[in-house]
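Student: Mind having a look at this structure? Questions to follow.
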Amino acid sequence: MLIKATRLSKQGFDVLVVDSNVRYGGMWRSRVIKGIEIDQACHNFESFPNAYKVLEKYSGVKFVNRVPQPRRIHINNPLRSYYPIQKIIYALFKVCFLFIQRIFTVFLRLRCLNRNRDLHIWEEIAYLKLLFFRITFGRKIKHPSGGCVAFIGGLIENTKASGVKFASDKVLSIDNYHNGKLSLKFSSKNEVVFDKVYCSASVICWLSLVNQIATDMKNPSYIIQFYGLYEVVGIIAPQSVYIAYENNPVLRRLTVMDSDSAKKYFVEKRKILVSVHFADNIRSKTDRERIIQNELCAQHLINIAETVTELSYMSPSYYTDGKYSFLQASDSTRNFKVVDTIGGVAEALFKEENPNGFYLVGSFNDLLW
Ligand SMILES: Cc1cc2nc3c(=O)[nH]c(=O)nc-3n(C[C@H](O)[C@H](O)[C@H](O)COP(=O)(O)OP(=O)(O)OC[C@H]3O[C@@H](n4cnc5c(N)ncnc54)[C@H](O)[C@@H]3O)c2cc1C
């Protein structure tokens, strides 16, 4: 959303970013615990041909290869690379299957099997191309120097420098005004009319859209996530460790906090901070700490004897529905789309800025899997 705000401001619009949180940056905002500035969740910038260039441009922060590279751990198998060849084989089979299905349906004129066929095939082909890129040229995943804290800090600074104004307030409702304008009511009791409003995924969780403005919104689904932050004496200095777990009933992601502030803390106390995305709500704090202790030992990040202390446990939620985009919009309140990854947004932005360039995202629809 901050990138969108920067772009609008550069196009000459008067832009105001409103956030109910006093710390800006949305899901990527940093937080301060024990005087250490760290990420509030596990983050990774997926690999797209142009995404890192775009993100560098908007944040002013250099992206370098992640060391170590992110890992993907399958519950039934040992370690897998983050972009395993199995994924491309599976996608290839899927495309072949869809083509064969298409040939059959045309041949036999089975209209009942015909629905959305072209869309599916083209989306799968776009995904296949992206996977091919990822297991060949795009295998190396990059990360901002100074971690995500430096990235989001740079992005906020650059957004402000481009003339965007910021306000900390909560939007309570969006209502039709007239002449296509929209009226926003804030918790500060202010009511302001805007020409256009762009909302992000998490805003839609909490907003009331009155007078049927968002007529397209069907079956919204909220995803609630469970995040814990842990402190423990580490064996090695904080690196940008990122582990994704597949089919694991307990864990989804694990990262070691790697901001400059976290590195300084390690030098002083020999302790690392670890962010964990749980697959479900583990109710007992003792259970959560035990799970994390075992996992950190298994990953050789701590000694078995070290006590893991939970610093926080929270459940951020966000909205998912593939239909609505804040970047595409002519009337954005009718057109929300949750774009799954920052890398995907950046790649789509590259396409917008370089229509004749080489990119692997055909349209925003291609991003949604
Ligand atoms: C926990 C988590 C981890 C993620 N990790 C990754 C990742 O590693 N890599 C990746 O590419 N993508 C990741 N994503 C997805 C990515 O974060 C989102 O696509 C991205 O944050 C969208 O940015 P945004 O600015 O549109 O909205 P958001 O980041 O959702 O920010 C919206 C802001 O709106 C504010 N807000 C909400 N309601 C109101 C209201 N009524 N009034 C005023 N303000 C309000 C919130 O406080 C929030 O700050 C993650 C998402 C989540 C939830």
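Chain labels run A, B, ... following the order of the structure tokens; each chain numbers its residues from 1, and ligands are numbered from 1 in the order shown.
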Could you give me, as a PyMOL selection string, the residues within 7 Å of range 236-240 of chain A, counting only C-alpha atoms and dropping anything in the same chain fewer than 6 positions from it?
Tutor: chain A and resi 66-68+256-258+263+266+272+301
Student: How would you write, as a PyMOL selection string, the set of residues in range 31-242 of chain A that DSSP gives as strand (DSSP E)?
Tutor: chain A and resi 31-33+36-39+63-65+71-74+79-81+142-144+165-168+171-176+182-186+191-194+208-209+221-224+226-233+242
Student: Kindly export the residues of the current selection with N, CA and C atoms, as a short mmCIF file (atom, residue, chain, number, x, y, z; two decimals), in the first residue's frame.
Tutor:
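result30.cif was written with the following content:
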```cif
data_model
loop_
_atom_site.label_atom_id
_atom_site.label_comp_id
_atom_site.auth_asym_id
_atom_site.auth_seq_id
_atom_site.Cartn_x
_atom_site.Cartn_y
_atom_site.Cartn_z
N ARG A 31 8.48 -3.83 15.51
CA ARG A 31 8.06 -3.54 16.88
C ARG A 31 9.28 -3.55 17.77
N VAL A 32 9.12 -2.91 18.93
CA VAL A 32 10.26 -2.80 19.83
C VAL A 32 9.96 -3.60 21.09
N ILE A 33 10.83 -4.56 21.35
CA ILE A 33 10.68 -5.38 22.56
C ILE A 33 12.03 -5.38 23.26
N ILE A 36 14.73 -3.62 21.56
CA ILE A 36 15.28 -4.16 20.31
C ILE A 36 14.22 -4.02 19.23
N GLU A 37 14.60 -3.41 18.10
CA GLU A 37 13.63 -3.25 17.01
C GLU A 37 13.69 -4.48 16.10
N ILE A 38 12.55 -5.16 15.98
CA ILE A 38 12.52 -6.42 15.21
C ILE A 38 11.24 -6.49 14.36
N ASP A 39 11.20 -7.51 13.49
CA ASP A 39 9.98 -7.76 12.69
C ASP A 39 8.89 -8.29 13.61
N PHE A 63 19.19 -5.20 -1.72
CA PHE A 63 18.83 -6.60 -1.50
C PHE A 63 20.03 -7.48 -1.85
N VAL A 64 20.34 -8.41 -0.94
CA VAL A 64 21.48 -9.33 -1.16
C VAL A 64 20.98 -10.77 -0.99
N ASN A 65 21.77 -11.73 -1.47
CA ASN A 65 21.35 -13.13 -1.32
C ASN A 65 21.19 -13.49 0.16
N ARG A 71 14.80 -22.49 3.80
CA ARG A 71 14.63 -23.94 3.68
C ARG A 71 13.16 -24.28 3.79
N ARG A 72 12.80 -25.40 3.16
CA ARG A 72 11.44 -25.90 3.28
C ARG A 72 11.54 -27.30 3.86
N ILE A 73 10.83 -27.53 4.94
CA ILE A 73 10.93 -28.84 5.58
C ILE A 73 9.59 -29.55 5.47
N HIS A 74 9.65 -30.69 4.84
CA HIS A 74 8.44 -31.49 4.68
C HIS A 74 8.36 -32.46 5.84
N LEU A 79 15.21 -32.43 4.63
CA LEU A 79 15.22 -31.08 4.10
C LEU A 79 14.94 -31.02 2.60
N ARG A 80 14.17 -30.02 2.20
CA ARG A 80 13.93 -29.78 0.77
C ARG A 80 14.43 -28.39 0.45
N SER A 81 14.78 -28.15 -0.81
CA SER A 81 15.15 -26.79 -1.16
C SER A 81 13.87 -25.94 -1.16
N LYS A 142 16.55 -13.30 -2.27
CA LYS A 142 17.27 -12.16 -1.70
C LYS A 142 16.56 -11.59 -0.48
N HIS A 143 17.29 -10.77 0.24
CA HIS A 143 16.81 -10.24 1.52
C HIS A 143 17.41 -8.84 1.68
N PRO A 144 16.68 -7.91 2.29
CA PRO A 144 17.27 -6.56 2.44
C PRO A 144 18.43 -6.56 3.43
N LYS A 165 1.25 12.15 2.96
CA LYS A 165 1.06 12.49 4.38
C LYS A 165 0.56 11.25 5.12
N PHE A 166 0.83 11.20 6.41
CA PHE A 166 0.42 10.05 7.23
C PHE A 166 -0.45 10.53 8.39
N ALA A 167 -1.42 9.69 8.78
CA ALA A 167 -2.23 9.99 9.97
C ALA A 167 -2.52 8.70 10.71
N SER A 168 -2.46 8.77 12.04
CA SER A 168 -2.84 7.60 12.86
C SER A 168 -4.27 7.77 13.33
N VAL A 171 -10.33 4.06 10.65
CA VAL A 171 -11.49 4.28 9.79
C VAL A 171 -12.60 3.35 10.27
N LEU A 172 -13.76 3.95 10.55
CA LEU A 172 -14.87 3.12 11.05
C LEU A 172 -15.79 2.68 9.93
N SER A 173 -15.98 3.58 8.95
CA SER A 173 -16.86 3.19 7.85
C SER A 173 -16.52 3.97 6.58
N ILE A 174 -16.89 3.37 5.46
CA ILE A 174 -16.76 4.05 4.17
C ILE A 174 -18.15 4.13 3.57
N ASP A 175 -18.57 5.32 3.20
CA ASP A 175 -19.93 5.52 2.73
C ASP A 175 -19.91 6.28 1.39
N ASN A 176 -20.90 6.02 0.55
CA ASN A 176 -21.03 6.82 -0.67
C ASN A 176 -21.33 8.26 -0.31
N LEU A 182 -16.25 9.43 -1.77
CA LEU A 182 -16.51 8.56 -0.63
C LEU A 182 -16.27 9.29 0.68
N SER A 183 -17.15 9.02 1.61
CA SER A 183 -17.02 9.69 2.90
C SER A 183 -16.51 8.70 3.94
N LEU A 184 -15.45 9.08 4.64
CA LEU A 184 -14.88 8.20 5.65
C LEU A 184 -15.13 8.75 7.05
N LYS A 185 -15.59 7.87 7.93
CA LYS A 185 -15.75 8.26 9.34
C LYS A 185 -14.60 7.64 10.12
N PHE A 186 -14.00 8.49 10.97
CA PHE A 186 -12.85 8.03 11.75
C PHE A 186 -13.21 7.91 13.23
N GLU A 191 -14.80 13.34 9.93
CA GLU A 191 -15.45 12.76 8.77
C GLU A 191 -14.87 13.49 7.56
N VAL A 192 -14.26 12.77 6.65
CA VAL A 192 -13.57 13.42 5.54
C VAL A 192 -14.02 12.77 4.22
N VAL A 193 -14.14 13.61 3.18
CA VAL A 193 -14.56 13.10 1.87
C VAL A 193 -13.32 12.97 0.97
N PHE A 194 -13.21 11.82 0.34
CA PHE A 194 -12.06 11.56 -0.55
C PHE A 194 -12.57 11.20 -1.95
N SER A 208 -16.62 -1.29 8.17
CA SER A 208 -17.99 -1.50 7.73
C SER A 208 -18.18 -0.69 6.44
N LEU A 209 -18.55 -1.40 5.38
CA LEU A 209 -18.73 -0.74 4.08
C LEU A 209 -20.22 -0.53 3.91
N SER A 221 -13.26 -14.31 3.66
CA SER A 221 -12.79 -15.25 4.67
C SER A 221 -11.66 -14.61 5.45
N TYR A 222 -11.69 -14.73 6.75
CA TYR A 222 -10.63 -14.19 7.59
C TYR A 222 -9.66 -15.32 7.89
N ILE A 223 -8.41 -14.99 7.82
CA ILE A 223 -7.43 -15.98 8.23
C ILE A 223 -6.82 -15.48 9.54
N ILE A 224 -6.91 -16.30 10.55
CA ILE A 224 -6.28 -15.92 11.82
C ILE A 224 -4.98 -16.69 11.93
N PHE A 226 -1.20 -17.44 14.15
CA PHE A 226 -0.72 -17.51 15.53
C PHE A 226 0.79 -17.34 15.54
N TYR A 227 1.22 -16.25 16.12
CA TYR A 227 2.64 -15.89 16.12
C TYR A 227 3.21 -15.81 17.52
N GLY A 228 4.36 -16.42 17.71
CA GLY A 228 5.04 -16.31 19.01
C GLY A 228 6.45 -15.75 18.82
N LEU A 229 6.93 -15.05 19.84
CA LEU A 229 8.30 -14.53 19.81
C LEU A 229 9.06 -15.13 20.99
N TYR A 230 10.26 -15.66 20.73
CA TYR A 230 10.99 -16.39 21.76
C TYR A 230 12.42 -15.86 21.88
N GLU A 231 12.92 -15.92 23.11
CA GLU A 231 14.30 -15.49 23.37
C GLU A 231 15.07 -16.67 23.92
N VAL A 232 16.31 -16.83 23.44
CA VAL A 232 17.10 -17.98 23.89
C VAL A 232 18.58 -17.71 23.60
N VAL A 233 19.45 -18.31 24.39
CA VAL A 233 20.89 -18.18 24.11
C VAL A 233 21.18 -18.95 22.82
N TYR A 242 15.26 -18.56 7.60
CA TYR A 242 13.83 -18.64 7.29
C TYR A 242 13.51 -20.09 6.95
#
```
Student: Record the distance separating CA of Ser200 in chain A and atom 48 (C, counted along the ligand's line) of ligand 1, expressed in Å with one decimal.
Tutor: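 So the two atoms, CA of Ser200 in chain A and atom 48 (C, counted along the ligand's line) of ligand 1, lie 7.7 Å apart.
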Student: Just the residues within 7 Å of range 2-9 of chain A, please, counting only C-alpha atoms, with nothing from its chain fewer than 6 positions along; format it as a list in words.
Tutor: Val15, Tyr58, Thr159, Ser162, Gly163, Val164 and Leu327 of chain A
Student: Can I get the selected residues back with N, CA and C atoms, as an mmCIF file, in the first residue's frame?
Tutor:
```cif
data_model
loop_
_atom_site.group_PDB
_atom_site.id
_atom_site.type_symbol
_atom_site.label_atom_id
_atom_site.label_comp_id
_atom_site.auth_asym_id
_atom_site.auth_seq_id
_atom_site.Cartn_x
_atom_site.Cartn_y
_atom_site.Cartn_z
ATOM 1 N N VAL A 15 -2.093 12.635 -1.362
ATOM 2 C CA VAL A 15 -2.322 11.303 -0.786
ATOM 3 C C VAL A 15 -2.153 11.315 0.742
ATOM 4 N N TYR A 58 12.061 1.395 -4.343
ATOM 5 C CA TYR A 58 11.081 2.056 -3.472
ATOM 6 C C TYR A 58 11.544 2.169 -2.015
ATOM 7 N N THR A 159 8.357 7.049 1.182
ATOM 8 C CA THR A 159 6.950 7.392 0.937
ATOM 9 C C THR A 159 6.701 8.818 1.431
ATOM 10 N N SER A 162 8.204 11.405 -0.793
ATOM 11 C CA SER A 162 7.521 11.636 -2.079
ATOM 12 C C SER A 162 6.304 12.561 -1.909
ATOM 13 N N GLY A 163 6.047 13.010 -0.673
ATOM 14 C CA GLY A 163 4.966 13.977 -0.447
ATOM 15 C C GLY A 163 3.715 13.373 0.173
ATOM 16 N N VAL A 164 3.730 12.065 0.438
ATOM 17 C CA VAL A 164 2.557 11.420 1.054
ATOM 18 C C VAL A 164 2.474 11.844 2.520
ATOM 19 N N LEU A 327 -4.223 -2.155 -6.422
ATOM 20 C CA LEU A 327 -3.345 -1.562 -7.428
ATOM 21 C C LEU A 327 -4.042 -1.368 -8.770
#
```
Student: Which value, in Å to one decimal, gives the distance between CA of Asn44 in chain A and CA of Val345 in chain A?
Tutor: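 If I compute the distance from CA of Asn44 in chain A to CA of Val345 in chain A, I get 13.5 Å.
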Student: Work out how far CA of Arg134 in chain A is from CA of Gln69 in chain A, in Å to one decimal.
Tutor: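 CA of Gln69 in chain A sits 13.2 Å away from CA of Arg134 in chain A.
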Student: Measuring between only C-alpha atoms and all ligand atoms, which one of A:Val197, A:Val95, A:Leu131, A:Val106 shows the shortest distance to ligand 1?
Tutor: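 Among A:Val197, A:Val95, A:Leu131, A:Val106, it is A:Val197 that comes nearest to ligand 1.
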Student: Need to verify the contact set: range 23-27 of chain A, 8 Å, only C-alpha atoms, exclusion of same-chain residues closer than 5 positions in sequence. Can you return it as a PDB file with N, CA and C atoms, in the first residue's frame?
Tutor:
```
ATOM      1  N   LEU A   2       2.023   1.206   0.695  1.00  0.00           N
ATOM      2  CA  LEU A   2       2.917   2.364   0.733  1.00  0.00           C
ATOM      3  C   LEU A   2       3.504   2.628  -0.657  1.00  0.00           C
ATOM      4  N   GLN A  40       7.644  -8.060  13.213  1.00  0.00           N
ATOM      5  CA  GLN A  40       6.567  -8.615  14.037  1.00  0.00           C
ATOM      6  C   GLN A  40       6.092  -9.972  13.527  1.00  0.00           C
ATOM      7  N   ALA A  41       6.628 -10.438  12.394  1.00  0.00           N
ATOM      8  CA  ALA A  41       6.211 -11.742  11.856  1.00  0.00           C
ATOM      9  C   ALA A  41       7.383 -12.362  11.088  1.00  0.00           C
ATOM     10  N   ILE A 152      11.398  -1.808   5.694  1.00  0.00           N
ATOM     11  CA  ILE A 152      10.151  -1.080   5.914  1.00  0.00           C
ATOM     12  C   ILE A 152      10.450   0.356   6.371  1.00  0.00           C
ATOM     13  N   ILE A 156       9.036   3.590   4.353  1.00  0.00           N
ATOM     14  CA  ILE A 156       8.243   4.664   4.986  1.00  0.00           C
ATOM     15  C   ILE A 156       8.907   6.025   4.728  1.00  0.00           C
TER      16      ILE A 156
END
```
Student: Check range 83-209 of chain A with DSSP on the backbone and list each residue it calls helix (DSSP H, G or I), as a PyMOL selection string.
Tutor: chain A and resi 85-108+111-113+117-135+147-161+201-206
Student: Using only C-alpha atoms, which residue out of A:Arg253, A:Met1, A:Thr286, A:His43 lies closest to Val17 in chain A?
Tutor: A:Met1
